[in-house]
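Novice: Please find one structure pasted underneath; my questions will follow.
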Amino acid sequence: MEIGSVDYSTKIPNNVGLTEDRQVLRALESWHPGYLSWWKDMGPEGFQDSLVYLRTAVSVDPKGWAKFDYVKMPDYRWGILLAPQEEGRKVNFGIHKGEVAWQEVPGEYRALLRRLVVIQGDTEPASVEQQRYLGKTAPSLYDMRNLFQVNVEEGRHLWAMVYLLHKYFGRDGREEAGELLRRRSGSEDAPRMLGAFNEATPDWLSFFMFTFFTDRDGKMQLESLAQSGFDPLSRTCRFMLTEEAHHMFVGETGIRRVIQRTCEAMQAAGIEDASEIAKVRALGVIDLPTLQKKLNLHYSLSLDLFGSEVSTNAANAYNNGIKGRFRETHIDDDHQLTSSIYPVLKLVNGVIRQVDEPALTALNMRLRDDYTSDCENGISRWNKIIEGFGITYRLSLPHVAFNRHIGEFRDAEATPAGDLVSASEWQAQSGRYLPSNDDAAYIESLMKPETQPGKYANWIAPPKVGIDNKPGDYEYVMIAA
Ligand SMILES: [Fe+2]
Ligand SMILES: [Fe+2]
């Protein structure tokens, strides 16, 4: 098989030579029916027979890896695709720095690696479950298609992790692969592993915020796993990142279009003050302060995904060459961090203070900081639109102590500005910072489907260009009657 091309002759398209790997092929083929029944139960509800204009990965060549065509989602070719092996790749950090990258799991790191693969794997189907009802309220066929694209790719990311489990982790890998289909987002008895993946995604504003903030956490995690000395994990994550870029595009442009539409409506109605919420809502668009509250919620939930700021698990994963830093090989230091420090924001005697910690144990904090600056870029692009309309309101990221449930600030209450307040003050004020029932009810009232090709719900502007350069009235989803 030619490098970079995908073998479609097996049931499971792949570029890992599955036909010659009978044992793994059989294991995956026996996992496949369970996956399909999970997809039918928990995938996009009501659209399994519709034809959706989807991209499918057909190669791992960066210049042309996808093809677009109409496909019914259950017939999507979920495949196993790893970025090409880099000749002479090394372990680039930690105590094994300079060794040849591992093609097999080092015995002593087996449990650690398996856990990382399972945690990553668990997030993929979780988001599909969280988003399963959104098709019914899509603001356009274009948006509906993007939702389904994200969903099928998260399904493929699950396949990617399940391949690693079957290929490299023997019987416990197979068991974990089964468990990934058993847990359910938001379930009492068998919830997904991470908090943000058990929250509801009840409306499209949540979906766009989720793809902007939570998929971006995914990007940061994949970026650090792509640095792994365990080469198959690195190659798997590198290809996943190619797809992940689209998910964040959906989030960033989704919110951008909401802002665009709101500002247009405000301008047409002669409203300059964004805090005139009732007047803005009377126009049937989403007021900017509500957007800010949604942003506060999704950013703070996503920060929790980075775990404790100071963490020996993170130090071990780094030391052992399993999980690196964001853009590890571009950082100019010793890549072992034996004597470096990193500033960590902590709650010390009731005050938020910056404390120097050993850089090794502060790796979660560092990755979270990289994440925050990645988020800032998007926020400033959003603000440019608001500015362009001459409206003075600005969106901003809340302080990292705000609304946290994990890490240094889990027991404190802080305002978005980072002022610590008592529990009772927080109770009294939180409706100003996080979406209230009223806000939720208003947003829900806007969630009416728009299924005419080329038409958009009133609360969101059309995109600048179509998917795959299709014209404005392209029928991205042919909804089955
Ligand atoms: Fe994913
Ligand atoms: Fe994603």
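A note on labels: chains of the structure tokens are A, B, ... as shown, every chain counts residues from 1, and ligands are counted from 1 in their shown order.
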Tell me which protein, DNA and RNA residues are within 10 Å of Phe249 of chain A, counting only C-alpha atoms, leaving out same-chain ones fewer than 5 positions away, and put them as a PyMOL selection string.

Specialist: chain A and resi 146+208+211-212+244+254-255

Novice: What do you get as a list in words if you pick all residues at most 6 Å from ligand 2, counting only C-alpha atoms and all ligand atoms?

Specialist: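 Result of the 6 Å neighbour search around ligand 2: Glu154, Asp215, Glu244 and His247 of chain A.
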
Novice: Output the selection as a PDB file, in the first residue's frame - N, CA and C atoms for each residue.

Specialist:
ATOM      1  N   GLU A 154     -15.851  13.326  15.478  1.00  0.00           N
ATOM      2  CA  GLU A 154     -15.631  12.894  16.864  1.00  0.00           C
ATOM      3  C   GLU A 154     -15.790  11.374  16.932  1.00  0.00           C
ATOM      4  N   ASP A 215     -13.622  22.148  22.449  1.00  0.00           N
ATOM      5  CA  ASP A 215     -12.799  21.505  21.414  1.00  0.00           C
ATOM      6  C   ASP A 215     -11.375  22.078  21.426  1.00  0.00           C
ATOM      7  N   GLU A 244      -9.596  18.544  13.809  1.00  0.00           N
ATOM      8  CA  GLU A 244      -9.997  19.383  14.941  1.00  0.00           C
ATOM      9  C   GLU A 244     -10.057  20.864  14.551  1.00  0.00           C
ATOM     10  N   HIS A 247     -13.416  22.017  13.747  1.00  0.00           N
ATOM     11  CA  HIS A 247     -14.354  22.135  14.864  1.00  0.00           C
ATOM     12  C   HIS A 247     -14.248  23.526  15.492  1.00  0.00           C
TER      13      HIS A 247
END

Novice: Nearest residue to ligand 1 out of A:Leu158, A:Val258, A:Leu205, A:Ile385, using only C-alpha atoms and all ligand atoms?

Specialist: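 Selected residue with least distance to ligand 1: A:Leu158.
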
Novice: Can you tell me which residues sit at most 10 Å away from ligand 1, counting only C-alpha atoms and all ligand atoms, written as a PDB file with C-alpha atoms, in the first residue's frame?

Specialist:
ATOM      1  CA  GLN A 120      -8.996  11.280  25.418  1.00  0.00           C
ATOM      2  CA  GLY A 121     -11.174   8.564  23.868  1.00  0.00           C
ATOM      3  CA  ASP A 122     -13.988   9.197  26.334  1.00  0.00           C
ATOM      4  CA  THR A 123     -14.392  12.836  25.336  1.00  0.00           C
ATOM      5  CA  GLU A 124     -15.039  11.988  21.674  1.00  0.00           C
ATOM      6  CA  PRO A 125     -18.333  10.070  21.917  1.00  0.00           C
ATOM      7  CA  ALA A 126     -19.339  12.270  24.871  1.00  0.00           C
ATOM      8  CA  SER A 127     -19.574  15.367  22.694  1.00  0.00           C
ATOM      9  CA  VAL A 128     -21.664  13.507  20.105  1.00  0.00           C
ATOM     10  CA  VAL A 150     -18.120  17.586  13.791  1.00  0.00           C
ATOM     11  CA  ASN A 151     -20.154  14.632  15.079  1.00  0.00           C
ATOM     12  CA  VAL A 152     -18.886  12.078  12.551  1.00  0.00           C
ATOM     13  CA  GLU A 153     -15.314  13.252  13.109  1.00  0.00           C
ATOM     14  CA  GLU A 154     -15.631  12.894  16.864  1.00  0.00           C
ATOM     15  CA  GLY A 155     -16.846   9.395  16.045  1.00  0.00           C
ATOM     16  CA  ARG A 156     -13.679   8.858  14.021  1.00  0.00           C
ATOM     17  CA  HIS A 157     -11.582  10.159  16.908  1.00  0.00           C
ATOM     18  CA  LEU A 158     -13.160   7.495  19.074  1.00  0.00           C
ATOM     19  CA  ALA A 160      -8.587   6.371  16.556  1.00  0.00           C
ATOM     20  CA  ASP A 215     -12.799  21.505  21.414  1.00  0.00           C
ATOM     21  CA  ARG A 216      -9.890  23.895  21.924  1.00  0.00           C
ATOM     22  CA  GLY A 218      -9.110  18.993  22.992  1.00  0.00           C
ATOM     23  CA  LYS A 219      -6.692  20.655  20.629  1.00  0.00           C
ATOM     24  CA  LEU A 222      -3.910  16.466  21.345  1.00  0.00           C
ATOM     25  CA  CYS A 237      -3.029  12.757  17.421  1.00  0.00           C
ATOM     26  CA  MET A 240      -6.760  14.183  14.564  1.00  0.00           C
ATOM     27  CA  LEU A 241      -5.549  17.779  14.833  1.00  0.00           C
ATOM     28  CA  GLU A 243      -9.816  17.533  11.629  1.00  0.00           C
ATOM     29  CA  GLU A 244      -9.997  19.383  14.941  1.00  0.00           C
ATOM     30  CA  ALA A 245      -9.169  22.669  13.213  1.00  0.00           C
ATOM     31  CA  HIS A 247     -14.354  22.135  14.864  1.00  0.00           C
TER      32      HIS A 247
END

Novice: I'd like the neighbourhood of segment 169-172 of chain A as an mmCIF file with N, CA and C atoms, in the first residue's frame, where a residue qualifies if any of its atoms comes within 12 Å (using only C-alpha atoms), though same-chain residues fewer than 6 positions away should be ignored.

Specialist:
data_model
loop_
_atom_site.group_PDB
_atom_site.id
_atom_site.type_symbol
_atom_site.label_atom_id
_atom_site.label_comp_id
_atom_site.auth_asym_id
_atom_site.auth_seq_id
_atom_site.Cartn_x
_atom_site.Cartn_y
_atom_site.Cartn_z
ATOM 1 N N GLN A 23 -5.333 -10.013 13.765
ATOM 2 C CA GLN A 23 -5.848 -10.015 15.129
ATOM 3 C C GLN A 23 -6.543 -8.700 15.483
ATOM 4 N N VAL A 24 -5.877 -7.597 15.146
ATOM 5 C CA VAL A 24 -6.445 -6.289 15.443
ATOM 6 C C VAL A 24 -7.666 -6.036 14.564
ATOM 7 N N ALA A 27 -10.520 -7.828 16.084
ATOM 8 C CA ALA A 27 -10.968 -7.148 17.311
ATOM 9 C C ALA A 27 -11.808 -5.923 16.957
ATOM 10 N N GLU A 104 6.462 0.440 20.372
ATOM 11 C CA GLU A 104 5.633 -0.389 21.253
ATOM 12 C C GLU A 104 5.509 0.323 22.597
ATOM 13 N N VAL A 105 4.515 -0.049 23.371
ATOM 14 C CA VAL A 105 4.319 0.587 24.673
ATOM 15 C C VAL A 105 5.404 0.117 25.639
ATOM 16 N N PRO A 106 6.172 1.042 26.228
ATOM 17 C CA PRO A 106 7.139 0.606 27.237
ATOM 18 C C PRO A 106 6.378 0.035 28.440
ATOM 19 N N GLY A 107 6.769 -1.172 28.855
ATOM 20 C CA GLY A 107 6.028 -1.895 29.902
ATOM 21 C C GLY A 107 5.749 -1.057 31.138
ATOM 22 N N TYR A 109 5.278 2.030 31.489
ATOM 23 C CA TYR A 109 4.379 3.179 31.308
ATOM 24 C C TYR A 109 3.014 2.759 30.758
ATOM 25 N N ARG A 110 2.796 1.464 30.752
ATOM 26 C CA ARG A 110 1.583 0.932 30.141
ATOM 27 C C ARG A 110 0.307 1.512 30.775
ATOM 28 N N ALA A 111 0.254 1.493 32.098
ATOM 29 C CA ALA A 111 -0.969 1.947 32.783
ATOM 30 C C ALA A 111 -1.198 3.442 32.542
ATOM 31 N N LEU A 112 -0.123 4.202 32.620
ATOM 32 C CA LEU A 112 -0.204 5.651 32.407
ATOM 33 C C LEU A 112 -0.691 5.966 30.991
ATOM 34 N N LEU A 113 -0.103 5.287 30.007
ATOM 35 C CA LEU A 113 -0.489 5.526 28.617
ATOM 36 C C LEU A 113 -1.938 5.119 28.358
ATOM 37 N N ARG A 114 -2.297 3.979 28.905
ATOM 38 C CA ARG A 114 -3.665 3.503 28.679
ATOM 39 C C ARG A 114 -4.666 4.512 29.231
ATOM 40 N N ARG A 115 -4.354 5.041 30.415
ATOM 41 C CA ARG A 115 -5.256 5.999 31.034
ATOM 42 C C ARG A 115 -5.415 7.257 30.172
ATOM 43 N N VAL A 117 -5.010 7.510 26.940
ATOM 44 C CA VAL A 117 -5.752 7.165 25.724
ATOM 45 C C VAL A 117 -7.250 7.041 26.048
ATOM 46 N N VAL A 118 -7.558 6.435 27.177
ATOM 47 C CA VAL A 118 -8.968 6.245 27.548
ATOM 48 C C VAL A 118 -9.634 7.596 27.839
ATOM 49 N N MET A 161 -8.746 6.222 18.980
ATOM 50 C CA MET A 161 -8.295 5.810 20.306
ATOM 51 C C MET A 161 -8.542 4.311 20.523
ATOM 52 N N VAL A 162 -9.663 3.819 19.976
ATOM 53 C CA VAL A 162 -9.990 2.403 20.124
ATOM 54 C C VAL A 162 -8.982 1.530 19.360
ATOM 55 N N TYR A 163 -8.518 2.045 18.238
ATOM 56 C CA TYR A 163 -7.462 1.313 17.515
ATOM 57 C C TYR A 163 -6.229 1.161 18.408
ATOM 58 N N GLY A 178 -14.704 -1.354 25.072
ATOM 59 C CA GLY A 178 -16.116 -1.639 25.335
ATOM 60 C C GLY A 178 -16.729 -0.601 26.262
ATOM 61 N N GLU A 179 -15.968 -0.236 27.290
ATOM 62 C CA GLU A 179 -16.462 0.756 28.260
ATOM 63 C C GLU A 179 -16.725 2.110 27.599
#

Novice: Determine the nearest neighbour of Phe409 of chain A from the options A:Gly270, A:Gly307, A:Pro343, A:Gly454, counting only C-alpha atoms.

Specialist: A:Gly307

Novice: Of the residues A:Ile379, A:Met220, A:Val351, A:Met144, which is the one nearest to Val421 of chain A, using only C-alpha atoms?

Specialist: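 Checking each candidate against Val421 of chain A, we get A:Val351 as the closest.
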
Novice: Which is closest to Gln336 of chain A among A:Thr56, A:Asn92, A:Ser302, A:Gln85, if we use only C-alpha atoms?

Specialist: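 The answer is A:Asn92, which sits nearest to Gln336 of chain A.
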
Novice: For Leu347 of chain A, list every protein, DNA or RNA residue within 8 Å, evaluated using only C-alpha atoms, and leave out those in the same chain fewer than 5 positions away; present the list as a list in words.

Specialist: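 Contacts, with the query itself left out: Ile352, Arg353, Glu408 and Phe409 of chain A.
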
Novice: Which of these, A:Pro462, A:Gly64, A:Gly94, A:Gly46, has the shortest distance to Thr137 of chain A once you count only C-alpha atoms?

Specialist: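 Smallest separation from Thr137 of chain A among the options: A:Gly46.
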
Novice: Please provide as a ChimeraX atom specification all residues within 10 Å of Gly195 of chain A, with the sequence filter that same-chain residues fewer than 4 positions apart are discarded (counting only C-alpha atoms).

Specialist: /A:185-186,191,199,301-302,304-305,405-406

Novice: Can you pull out the residues contacting Val310 of chain A? Cut-off 9 Å, using only C-alpha atoms, and skip same-chain residues under 3 positions away; I want them as a PyMOL selection string.

Specialist: chain A and resi 307+314-315+344+357-358+360-365+407-408

Novice: For the residues selected in the previous step, produce a file with N, CA and C atoms as a JSON list (two decimals), in the first residue's frame.

Specialist:
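Result file result-v8.json:
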[["chain", "number", "residue", "atom", "x", "y", "z"],
["A", 307, "GLY", "N", -7.24, 20.11, 34.74],
["A", 307, "GLY", "CA", -6.86, 19.45, 35.98],
["A", 307, "GLY", "C", -6.19, 20.41, 36.95],
["A", 314, "ALA", "N", 1.04, 14.99, 35.96],
["A", 314, "ALA", "CA", 1.51, 15.70, 34.77],
["A", 314, "ALA", "C", 3.04, 15.63, 34.71],
["A", 315, "ALA", "N", 3.69, 15.78, 35.88],
["A", 315, "ALA", "CA", 5.16, 15.71, 35.92],
["A", 315, "ALA", "C", 5.64, 14.34, 35.47],
["A", 344, "VAL", "N", 2.60, 29.99, 39.11],
["A", 344, "VAL", "CA", 1.26, 29.41, 39.21],
["A", 344, "VAL", "C", 0.38, 30.33, 40.06],
["A", 357, "GLU", "N", 6.53, 27.59, 41.12],
["A", 357, "GLU", "CA", 6.52, 26.16, 41.40],
["A", 357, "GLU", "C", 7.54, 25.50, 40.47],
["A", 358, "PRO", "N", 8.00, 24.31, 40.82],
["A", 358, "PRO", "CA", 8.86, 23.58, 39.87],
["A", 358, "PRO", "C", 8.11, 23.42, 38.55],
["A", 360, "LEU", "N", 8.14, 21.32, 36.32],
["A", 360, "LEU", "CA", 7.65, 19.97, 36.03],
["A", 360, "LEU", "C", 6.27, 19.71, 36.60],
["A", 361, "THR", "N", 6.05, 20.14, 37.82],
["A", 361, "THR", "CA", 4.73, 19.89, 38.41],
["A", 361, "THR", "C", 3.70, 20.92, 37.95],
["A", 362, "ALA", "N", 4.17, 22.00, 37.32],
["A", 362, "ALA", "CA", 3.25, 23.06, 36.89],
["A", 362, "ALA", "C", 2.85, 22.92, 35.43],
["A", 363, "LEU", "N", 3.00, 21.74, 34.86],
["A", 363, "LEU", "CA", 2.76, 21.59, 33.42],
["A", 363, "LEU", "C", 1.29, 21.78, 33.03],
["A", 364, "ASN", "N", 0.37, 21.39, 33.89],
["A", 364, "ASN", "CA", -1.04, 21.63, 33.58],
["A", 364, "ASN", "C", -1.33, 23.13, 33.51],
["A", 365, "MET", "N", -0.69, 23.86, 34.44],
["A", 365, "MET", "CA", -0.86, 25.32, 34.47],
["A", 365, "MET", "C", -0.31, 25.93, 33.19],
["A", 407, "GLY", "N", -9.07, 22.29, 40.97],
["A", 407, "GLY", "CA", -7.83, 23.04, 41.10],
["A", 407, "GLY", "C", -7.85, 24.04, 42.24],
["A", 408, "GLU", "N", -6.92, 24.96, 42.20],
["A", 408, "GLU", "CA", -6.67, 25.93, 43.27],
["A", 408, "GLU", "C", -7.90, 26.70, 43.73]]

Novice: I'd like the interatomic distance between atom CA of Leu295 of chain A and atom CA of Arg55 of chain A, to a tenth of an Å.

Specialist: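 For atom CA of Leu295 of chain A relative to atom CA of Arg55 of chain A, the distance reads 29.0 Å.
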
Novice: Using DSSP on the backbone, list every residue of segment 83-279 of chain A that comes out as helix (DSSP H, G or I), and give them as an MDAnalysis selection string.

Specialist: chainID A and resid 107:130 134:137 141:168 170:182 195:198 204:225 231:269 277:279

Novice: What's around Ile479 of chain A at 9 Å? Count only C-alpha atoms, leave out sequence neighbours fewer than 4 positions away in its own chain, and write the answer as an NGL selection string.

Specialist: :A and (47 or 49-52 or 451)

Novice: Would you save the residues of that selection, restricted to C-alpha atoms, as a short mmCIF file (atom, residue, chain, number, x, y, z; two decimals), in the first residue's frame?

Specialist:
data_model
loop_
_atom_site.label_atom_id
_atom_site.label_comp_id
_atom_site.auth_asym_id
_atom_site.auth_seq_id
_atom_site.Cartn_x
_atom_site.Cartn_y
_atom_site.Cartn_z
CA PHE A 47 -31.29 12.58 10.74
CA ASP A 49 -31.49 8.63 6.96
CA SER A 50 -30.73 12.11 5.63
CA LEU A 51 -28.04 12.68 3.04
CA VAL A 52 -25.39 14.99 4.42
CA THR A 451 -34.31 24.19 6.72
#
